[in-house]
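> Input file: coords-v1.tsv. Contents: TSV, C-alpha atoms.
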chain	number	residue	atom	x	y	z
D	1	MET	CA	-68.99	69.78	31.79
D	2	LEU	CA	-66.44	69.46	34.56
D	3	THR	CA	-66.85	71.73	37.58
D	4	LYS	CA	-63.83	73.16	39.42
D	5	LYS	CA	-64.46	70.88	42.38
D	6	THR	CA	-64.74	67.85	40.13
D	7	SER	CA	-61.57	68.83	38.30
D	8	LEU	CA	-59.62	69.03	41.54
D	9	CYS	CA	-60.82	65.58	42.51
D	10	LEU	CA	-59.87	64.26	39.12
D	11	VAL	CA	-56.37	65.65	39.49
D	12	ALA	CA	-55.82	63.41	42.48
D	13	VAL	CA	-57.43	60.50	40.69
D	14	SER	CA	-55.35	60.98	37.57
D	15	VAL	CA	-52.09	61.35	39.46
D	16	ALA	CA	-52.92	58.09	41.18
D	17	LEU	CA	-53.56	56.52	37.79
D	18	ALA	CA	-50.18	57.71	36.57
D	19	LEU	CA	-48.49	56.32	39.65
D	20	ALA	CA	-50.32	53.05	39.24
D	21	ALA	CA	-49.10	52.80	35.65
D	22	CYS	CA	-45.52	53.36	36.76
D	23	SER	CA	-45.82	50.70	39.42
D	24	LYS	CA	-46.34	48.02	36.77
D	25	LYS	CA	-42.63	48.24	36.03
D	26	GLU	CA	-41.75	47.30	39.61
D	27	ASP	CA	-41.06	43.76	40.79
D	28	LYS	CA	-43.99	41.71	41.99
D	29	LYS	CA	-44.92	42.71	45.54
D	30	THR	CA	-44.34	40.28	48.36
D	31	PRO	CA	-47.40	39.33	50.47
D	32	SER	CA	-46.01	41.25	53.46
D	33	GLN	CA	-46.07	44.48	51.44
D	34	VAL	CA	-49.72	44.18	50.43
D	35	LEU	CA	-52.16	45.75	52.91
D	36	ALA	CA	-55.39	45.54	50.94
D	37	ARG	CA	-56.83	44.60	47.55
D	38	VAL	CA	-59.57	46.48	45.74
D	39	ASN	CA	-61.00	44.46	42.84
D	40	GLY	CA	-57.61	42.79	42.61
D	41	ALA	CA	-55.57	46.03	42.69
D	42	GLU	CA	-53.05	45.96	45.54
D	43	ILE	CA	-52.46	48.69	48.10
D	44	THR	CA	-48.99	48.43	49.61
D	45	LEU	CA	-47.09	49.40	52.72
D	46	LEU	CA	-45.01	51.77	50.58
D	47	GLN	CA	-48.14	53.73	49.63
D	48	LEU	CA	-49.25	53.88	53.26
D	49	ASN	CA	-45.84	55.10	54.43
D	50	SER	CA	-45.88	57.78	51.77
D	51	LEU	CA	-49.27	59.01	52.96
D	52	VAL	CA	-48.44	59.11	56.68
D	53	GLY	CA	-44.85	60.24	56.18
D	54	ASN	CA	-45.61	63.80	57.37
D	55	VAL	CA	-47.35	62.72	60.56
D	56	PRO	CA	-45.18	63.63	63.60
D	57	GLN	CA	-43.28	60.70	65.06
D	58	GLY	CA	-45.26	59.01	67.80
D	59	GLN	CA	-48.64	60.13	66.44
D	60	ALA	CA	-48.90	57.64	63.58
D	61	GLY	CA	-50.53	54.95	65.70
D	62	PRO	CA	-52.83	52.14	64.56
D	63	ALA	CA	-55.89	54.42	64.32
D	64	VAL	CA	-54.06	56.92	62.11
D	65	GLN	CA	-52.63	54.13	59.96
D	66	GLN	CA	-56.08	52.56	59.52
D	67	GLN	CA	-57.56	55.92	58.58
D	68	ALA	CA	-54.82	56.36	55.97
D	69	LEU	CA	-55.40	52.84	54.63
D	70	ASP	CA	-59.14	53.50	54.34
D	71	GLN	CA	-58.30	56.68	52.45
D	72	LEU	CA	-56.12	54.72	50.02
D	73	VAL	CA	-58.96	52.21	49.50
D	74	ASN	CA	-61.38	55.03	48.71
D	75	GLN	CA	-58.85	56.57	46.36
D	76	GLU	CA	-58.36	53.27	44.54
D	77	LEU	CA	-62.11	52.94	44.07
D	78	LEU	CA	-62.19	56.39	42.46
D	79	VAL	CA	-59.13	55.60	40.34
D	80	GLN	CA	-60.82	52.49	38.99
D	81	LYS	CA	-64.03	54.42	38.31
D	82	ALA	CA	-62.03	57.12	36.53
D	83	ALA	CA	-60.45	54.48	34.29
D	84	GLU	CA	-63.88	52.97	33.60
D	85	LEU	CA	-65.19	56.41	32.58
D	86	LYS	CA	-62.03	57.04	30.52
D	87	LEU	CA	-61.34	60.18	32.51
D	88	ASP	CA	-57.63	59.47	32.18
D	89	ARG	CA	-58.05	60.53	28.53
D	90	ASP	CA	-59.98	63.72	29.28
D	91	PRO	CA	-57.97	66.76	28.05
D	92	THR	CA	-58.73	68.75	31.21
D	93	VAL	CA	-57.54	65.91	33.43
D	94	LEU	CA	-54.44	65.31	31.32
D	95	GLN	CA	-53.53	68.99	31.56
D	96	ALA	CA	-54.04	68.93	35.34
D	97	VAL	CA	-51.85	65.82	35.63
D	98	GLU	CA	-49.12	67.51	33.60
D	99	MET	CA	-49.26	70.64	35.78
D	100	ALA	CA	-49.08	68.49	38.92
D	101	ARG	CA	-46.09	66.59	37.46
D	102	ARG	CA	-44.28	69.85	36.65
D	103	ASP	CA	-44.95	71.20	40.14
D	104	ILE	CA	-43.64	68.03	41.81
D	105	LEU	CA	-40.48	68.02	39.68
D	106	ALA	CA	-39.86	71.73	40.26
D	107	ARG	CA	-40.22	71.31	44.02
D	108	ALA	CA	-37.92	68.27	43.99
D	109	ALA	CA	-35.29	70.23	42.04
D	110	SER	CA	-35.57	73.13	44.49
D	111	GLU	CA	-35.08	70.82	47.46
D	112	LYS	CA	-32.06	69.22	45.78
D	113	LEU	CA	-30.46	72.58	44.96
D	114	LEU	CA	-31.05	73.93	48.46
D	115	ALA	CA	-29.97	70.81	50.34
D	116	GLY	CA	-27.26	71.31	52.93
D	117	ALA	CA	-28.15	74.90	53.84
D	118	LYS	CA	-26.44	76.03	57.04
D	119	SER	CA	-28.49	76.66	60.13
D	120	PRO	CA	-28.24	80.19	61.59
D	121	SER	CA	-25.66	80.44	64.37
D	122	GLN	CA	-26.30	81.70	67.87
D	123	ALA	CA	-24.37	84.84	66.89
D	124	ASP	CA	-26.77	85.39	63.98
D	125	VAL	CA	-29.74	85.02	66.33
D	126	ALA	CA	-28.29	87.45	68.87
D	127	ASP	CA	-27.45	89.95	66.12
D	128	PHE	CA	-31.04	89.88	64.81
D	129	TYR	CA	-32.38	90.30	68.32
D	130	ASN	CA	-30.15	93.31	68.98
D	131	LYS	CA	-30.92	94.96	65.62
D	132	ASN	CA	-34.68	94.78	66.18
D	133	PRO	CA	-35.25	96.30	69.63
D	134	ALA	CA	-38.81	97.34	68.79
D	135	LEU	CA	-39.64	93.67	68.22
D	136	PHE	CA	-37.88	92.29	71.30
D	137	GLY	CA	-36.00	94.27	73.97
D	138	GLN	CA	-38.16	97.37	73.55
D	139	ARG	CA	-41.29	95.56	72.38
D	140	ARG	CA	-44.60	97.31	72.98
D	141	ILE	CA	-48.30	96.50	72.67
D	142	TYR	CA	-50.25	99.11	70.71
D	143	ASP	CA	-53.88	100.18	71.10
D	144	VAL	CA	-55.03	101.50	67.73
D	145	VAL	CA	-58.22	102.43	65.92
D	146	ALA	CA	-58.39	101.63	62.21
D	147	PHE	CA	-60.71	103.86	60.19
D	148	ILE	CA	-61.63	102.18	56.88
D	149	VAL	CA	-62.63	104.86	54.35
D	150	PRO	CA	-63.23	104.90	50.57
D	151	THR	CA	-59.98	105.88	48.88
D	152	ALA	CA	-61.86	108.21	46.52
D	153	ASP	CA	-63.14	110.24	49.50
D	154	LEU	CA	-59.68	110.83	50.98
D	155	ASN	CA	-59.00	114.13	49.21
D	156	ASP	CA	-56.70	116.98	50.23
D	157	SER	CA	-59.32	118.73	52.36
D	158	VAL	CA	-59.96	115.54	54.36
D	159	ARG	CA	-56.24	115.01	54.84
D	160	LYS	CA	-55.89	118.59	56.05
D	161	ALA	CA	-58.74	118.11	58.50
D	162	LEU	CA	-56.92	115.07	59.92
D	163	ASP	CA	-53.60	116.86	60.31
D	164	ASN	CA	-54.19	118.04	63.87
D	165	VAL	CA	-56.43	115.32	65.33
D	166	LYS	CA	-55.12	113.69	68.50
D	167	THR	CA	-57.86	111.25	69.53
D	168	PRO	CA	-60.18	108.77	67.79
D	169	ASP	CA	-63.15	111.00	68.67
D	170	GLU	CA	-61.51	113.94	66.90
D	171	ALA	CA	-60.78	111.72	63.89
D	172	ARG	CA	-64.41	110.57	63.82
D	173	ASN	CA	-65.66	114.15	64.01
D	174	ALA	CA	-63.35	115.21	61.19
D	175	LEU	CA	-64.56	112.38	58.97
D	176	VAL	CA	-68.21	113.06	59.79
D	177	ALA	CA	-67.78	116.77	59.09
D	178	ALA	CA	-66.19	115.93	55.73
D	179	LYS	CA	-69.10	113.53	55.00
D	180	VAL	CA	-66.70	110.61	54.57
D	181	ARG	CA	-68.15	107.17	55.16
D	182	PHE	CA	-66.01	105.08	57.50
D	183	ASP	CA	-65.87	101.93	59.58
D	184	ALA	CA	-63.96	102.30	62.89
D	185	ARG	CA	-62.28	99.18	64.27
D	186	PRO	CA	-60.40	99.43	67.58
D	187	SER	CA	-57.83	96.73	68.27
D	188	ARG	CA	-54.90	95.84	70.50
D	189	VAL	CA	-51.85	94.86	68.44
D	190	PRO	CA	-48.52	93.46	69.73
D	191	ALA	CA	-45.38	94.61	67.95
D	192	GLU	CA	-44.82	91.29	66.18
D	193	LYS	CA	-48.11	91.67	64.30
D	194	PHE	CA	-46.81	94.62	62.30
D	195	PRO	CA	-44.66	94.32	59.15
D	196	LEU	CA	-41.06	93.98	60.29
D	197	ALA	CA	-39.76	96.71	57.96
D	198	LEU	CA	-42.29	99.24	59.32
D	199	LEU	CA	-41.97	98.42	63.00
D	200	PRO	CA	-39.16	100.89	63.88
D	201	LYS	CA	-41.24	103.81	62.56
D	202	ILE	CA	-44.38	102.50	64.22
D	203	ALA	CA	-42.42	102.43	67.47
D	204	ASP	CA	-41.61	106.13	66.93
D	205	MET	CA	-45.27	107.13	66.54
D	206	LYS	CA	-46.69	109.56	69.05
D	207	GLN	CA	-50.18	109.35	70.53
D	208	GLY	CA	-52.73	110.47	67.95
D	209	ASP	CA	-50.52	109.88	64.91
D	210	ILE	CA	-52.17	108.16	61.94
D	211	ILE	CA	-50.73	105.74	59.38
D	212	VAL	CA	-52.32	105.98	55.92
D	213	VAL	CA	-52.46	102.60	54.16
D	214	PRO	CA	-54.12	102.56	50.70
D	215	GLU	CA	-55.74	99.20	49.85
D	216	GLY	CA	-57.32	99.63	46.43
D	217	ALA	CA	-60.89	100.89	46.74
D	218	ASN	CA	-60.46	101.49	50.48
D	219	THR	CA	-57.81	103.16	52.62
D	220	THR	CA	-57.02	102.35	56.24
D	221	LEU	CA	-56.26	105.22	58.61
D	222	MET	CA	-54.67	103.56	61.65
D	223	GLN	CA	-54.45	105.90	64.63
D	224	LEU	CA	-52.32	105.22	67.68
D	225	VAL	CA	-54.30	105.59	70.93
D	226	LYS	CA	-51.60	104.42	73.35
D	227	SER	CA	-48.88	101.81	73.79
D	228	GLU	CA	-47.32	99.98	76.70
D	229	PRO	CA	-43.96	98.21	77.16
D	230	ALA	CA	-43.91	94.41	76.82
D	231	PRO	CA	-40.25	93.39	76.31
D	232	VAL	CA	-39.24	89.84	75.41
D	233	GLU	CA	-35.93	88.27	76.46
D	234	LEU	CA	-33.68	86.53	73.95
D	235	ASP	CA	-34.00	83.06	75.48
D	236	LYS	CA	-37.78	83.22	75.03
D	237	VAL	CA	-37.68	83.84	71.28
D	238	GLN	CA	-34.39	82.41	70.02
D	239	GLU	CA	-36.06	79.39	68.39
D	240	GLN	CA	-38.55	81.62	66.55
D	241	ILE	CA	-35.72	83.89	65.41
D	242	LYS	CA	-33.69	80.92	64.24
D	243	GLY	CA	-36.65	79.64	62.22
D	244	TYR	CA	-37.24	83.06	60.68
D	245	LEU	CA	-33.57	83.49	59.74
D	246	ALA	CA	-33.41	79.98	58.30
D	247	GLY	CA	-36.46	80.67	56.16
D	248	SER	CA	-35.09	84.01	54.99
D	249	GLN	CA	-31.74	82.49	54.08
D	250	LEU	CA	-33.51	79.70	52.21
D	251	GLN	CA	-35.55	82.21	50.21
D	252	ASP	CA	-32.43	84.23	49.35
D	253	SER	CA	-30.58	81.09	48.31
D	254	ALA	CA	-33.51	79.93	46.18
D	255	LYS	CA	-33.65	83.32	44.46
D	256	ASN	CA	-29.90	83.24	43.74
D	257	LYS	CA	-30.05	79.69	42.39
D	258	LEU	CA	-32.94	80.60	40.10
D	259	GLU	CA	-31.04	83.64	38.82
D	260	GLU	CA	-28.07	81.40	38.03
D	261	LEU	CA	-30.34	79.05	36.07
D	262	LYS	CA	-31.83	81.98	34.16
D	263	LYS	CA	-28.40	83.31	33.22
D	264	ALA	CA	-27.33	79.90	31.93
D	265	ALA	CA	-30.54	79.35	29.95
D	266	LYS	CA	-31.82	80.84	26.70
D	267	ILE	CA	-35.24	82.33	27.50
D	268	GLU	CA	-37.39	83.82	24.77
D	269	TYR	CA	-40.84	85.33	25.37
D	270	VAL	CA	-42.91	84.87	22.22
D	271	LYS	CA	-45.60	87.05	23.81
D	272	ARG	CA	-45.54	89.32	26.84
D	273	PHE	CA	-48.68	90.45	28.67
D	274	ALA	CA	-47.07	93.31	30.59
D	275	SER	CA	-43.69	95.01	30.79
D	276	GLU	CA	-43.56	94.25	34.52
D	277	PRO	CA	-45.26	91.35	36.31
D	278	ALA	CA	-47.92	92.04	38.91
D	279	ALA	CA	-46.98	91.46	42.53
D	280	VAL	CA	-47.73	87.90	43.59
D	281	ALA	CA	-47.96	86.86	47.21
D	282	ALA	CA	-45.15	84.40	47.91
D	283	PRO	CA	-45.01	81.95	50.81
D	284	ALA	CA	-43.30	83.82	53.63
D	285	ALA	CA	-40.78	82.40	56.03
D	286	ASP	CA	-41.93	81.92	59.59
D	287	LYS	CA	-41.68	85.31	61.25
D	288	PRO	CA	-40.17	85.69	64.71
D	289	ALA	CA	-42.56	85.69	67.64
D	290	ASP	CA	-45.47	84.84	65.31
D	291	ALA	CA	-45.08	88.12	63.45
D	292	ALA	CA	-47.70	88.85	60.77
D	293	PRO	CA	-48.70	92.00	58.88
D	294	ALA	CA	-51.39	94.02	60.62
D	295	ALA	CA	-52.05	96.17	57.58
D	296	LYS	CA	-51.95	95.41	53.88
D	297	GLY	CA	-51.15	97.55	50.90
D	298	ASN	CA	-48.64	100.32	50.30
D	299	VAL	CA	-48.23	103.05	52.85
D	300	ASP	CA	-49.00	106.54	51.60
D	301	GLN	CA	-45.61	108.23	51.28
D	302	ASP	CA	-47.19	111.68	50.83
D	303	ALA	CA	-48.93	111.75	54.20
D	304	LEU	CA	-46.06	113.04	56.33
D	305	LYS	CA	-47.74	115.85	58.27
D	306	SER	CA	-48.05	116.16	62.03
D	307	GLY	CA	-51.37	114.36	62.34
D	308	VAL	CA	-51.32	111.94	59.41
D	309	LYS	CA	-48.00	110.14	59.20
D	310	GLY	CA	-47.34	107.88	56.24
D	311	LEU	CA	-44.55	105.43	57.05
Here is a file; write its structure as structure tokens.


Amino acid sequence: MLTKKTSLCLVAVSVALALAACSKKEDKKTPSQVLARVNGAEITLLQLNSLVGNVPQGQAGPAVQQQALDQLVNQELLVQKAAELKLDRDPTVLQAVEMARRDILARAASEKLLAGAKSPSQADVADFYNKNPALFGQRRIYDVVAFIVPTADLNDSVRKALDNVKTPDEARNALVAAKVRFDARPSRVPAEKFPLALLPKIADMKQGDIIVVPEGANTTLMQLVKSEPAPVELDKVQEQIKGYLAGSQLQDSAKNKLEELKKAAKIEYVKRFASEPAAVAAPAADKPADAAPAAKGNVDQDALKSGVKGL
């Protein structure tokens, strides 16, 4: 029986087999193109260039090229062994090859449809900078304590007890008195580490305020201890902003193109598993100034009292 690890290896092997089969249709390779032979099977310069194509210019020196060539030799050995074992006929491998083929074609189509996207202008960069003062011009570094508690224990009486707390010690005492298990984690968080959409409200928090962030079985109570100014000038972050805007524009364009394809196609679901799909984490565009979420999950919209502030 194939293990998951073995299956993943076989995907690479089988894709290589498929590529090798396609190469038979090509013209006979000239001697200058051939870099190695493994039991008579040729490894070419084209294959090597494809493997090292993503290496930054200037770093693909002889040592890197030799490492890549050795990798191709090892791959060819496995490809030949896979053919000997008739793994190229295994249903699991064939399905994996088909999924890999579909993924490659879908990505190629996406790149083709999104080719020629405009780069954000300097005006766009300046506008983003000015519209997000909490991230740049009025950037701050926040000292917080995150209390991780079981969601089931966070009832109305516990919430009420947290309404008027102003310090982490008071929050601890309130949780202990309510017999709520918790794990306290102090941390120092720069503004860019918070979700961009929440940052303006985080910037408005007063000392002692708490954000309530449900995360399934657990809930995070993040209390602000203090914050200090740490502004960033436009010239220091304009490249990060440009990258973020370019990624955002690319995502929006991809979404619009896909909607156009859906409208032009006839799509019929023979079976549906749910009326609405579950949320799936999508690759995010590079965030400005290395921004990344500091808290996961949905913020509790009901916790809007003086001590516990849901954002």

> Mind checking which residues fall within 12 Å of region 259-270 of chain D, counting only C-alpha atoms, ignoring those fewer than 4 positions away in the same chain, and posting them as a list in words?

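What passes the distance filter is Ala109, Ser110, Leu113, Asp252, Ser253, Ala254, Lys255, Ala274 and Ser275 of chain D.
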
> Tell me which of D:Val125, D:Leu51, D:Leu199, D:Leu258 sits closest to Gln238 (chain D), counting all atoms listed in the file.

D:Val125

> Can you pull out the residues contacting region 60-71 of chain D? Cut-off 12 Å, using all atoms listed in the file, and skip same-chain residues under 5 positions away; I want them as a list of chain:residue names.

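Here the qualifying residues turn out to be D:Val34, D:Leu35, D:Ala36, D:Arg37, D:Val38, D:Glu42, D:Ile43, D:Thr44, D:Leu45, D:Leu46, D:Gln47, D:Leu48, D:Asn49, D:Ser50, D:Leu51, D:Val52, D:Gly53, D:Asn54, D:Val55, D:Glu76, D:Leu77, D:Leu78.
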
> For a test of reading the model, state the distance in Å between CA of Glu215 (chain D) and CA of Asp169 (chain D), rounded to one decimal.

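Between these atoms lies a distance of 23.4 Å.
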
> Would you work out the distance separating CA of Lys179 (chain D) from CA of Lys206 (chain D), expressed in Å to one decimal?

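Between CA of Lys179 (chain D) and CA of Lys206 (chain D) the gap is 26.7 Å.
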
> Taking into account all atoms listed in the file, which residue in the set D:Ala126, D:Leu224, D:Leu196, D:Ala146 is nearest to Ala184 (chain D)?

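Going through D:Ala126, D:Leu224, D:Leu196, D:Ala146 one by one, the smallest distance to Ala184 (chain D) is for D:Ala146.
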
> Select, from D:Pro200, D:Pro229, D:Gly116, D:Pro195, the residue with the minimum atom-to-atom distance to Asp143 (chain D), counting only C-alpha atoms.

D:Pro229

> Restricting the calculation to all atoms listed in the file: of D:Thr151, D:Asn130, D:Gln80, D:Gln59, which residue gets closest to Ala217 (chain D)?

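Counting all atoms listed in the file, the residue closest to Ala217 (chain D) is D:Thr151.
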
> Go ahead and compute the interatomic distance for CA of Asp90 (chain D) and CA of Phe273 (chain D), in Å to one decimal.

29.0 Å

> Taking into account all atoms listed in the file, which residue in the set D:Gln75, D:Gln33, D:Ser119, D:Asn218 is nearest to Gly247 (chain D)?

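Checking each candidate against Gly247 (chain D), we get D:Ser119 as the closest.
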
> Using only C-alpha atoms, pick whichever of D:Glu233, D:Glu228, D:Ala106, D:Gln207 has the shortest atom-to-atom distance to Val165 (chain D).

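Checking each candidate against Val165 (chain D), we get D:Gln207 as the closest.
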
> Find the spatial neighbours of Pro168 (chain D), counting only C-alpha atoms, within a cut-off of 12 Å - ignore same-chain residues fewer than 5 positions away - and output them as number ranges by chain.

D: 143-147, 162, 173-175, 184-186, 207-210, 221-226, 307

> Find the residues with any atom within 12 Å of (-35.8, 93.5, 71.8); use all atoms listed in the file and the coordinates as given in the file, and write the answer as a compact mmCIF listing (two decimals) with C-alpha atoms, in the frame of the given file.


# COMPACT_ATOMS: atom_id res chain seq x y z
CA VAL D 125 -29.74 85.02 66.33
CA ALA D 126 -28.29 87.45 68.87
CA ASP D 127 -27.45 89.95 66.12
CA PHE D 128 -31.04 89.88 64.81
CA TYR D 129 -32.38 90.30 68.32
CA ASN D 130 -30.15 93.31 68.98
CA LYS D 131 -30.92 94.96 65.62
CA ASN D 132 -34.68 94.78 66.18
CA PRO D 133 -35.25 96.30 69.63
CA ALA D 134 -38.81 97.34 68.79
CA LEU D 135 -39.64 93.67 68.22
CA PHE D 136 -37.88 92.29 71.30
CA GLY D 137 -36.00 94.27 73.97
CA GLN D 138 -38.16 97.37 73.55
CA ARG D 139 -41.29 95.56 72.38
CA ARG D 140 -44.60 97.31 72.98
CA ALA D 191 -45.38 94.61 67.95
CA GLU D 192 -44.82 91.29 66.18
CA LEU D 199 -41.97 98.42 63.00
CA PRO D 200 -39.16 100.89 63.88
CA ALA D 203 -42.42 102.43 67.47
CA PRO D 229 -43.96 98.21 77.16
CA ALA D 230 -43.91 94.41 76.82
CA PRO D 231 -40.25 93.39 76.31
CA VAL D 232 -39.24 89.84 75.41
CA GLU D 233 -35.93 88.27 76.46
CA LEU D 234 -33.68 86.53 73.95
CA ASP D 235 -34.00 83.06 75.48
CA LYS D 236 -37.78 83.22 75.03
CA VAL D 237 -37.68 83.84 71.28
CA GLN D 238 -34.39 82.41 70.02
CA ILE D 241 -35.72 83.89 65.41
CA PRO D 288 -40.17 85.69 64.71
CA ALA D 289 -42.56 85.69 67.64
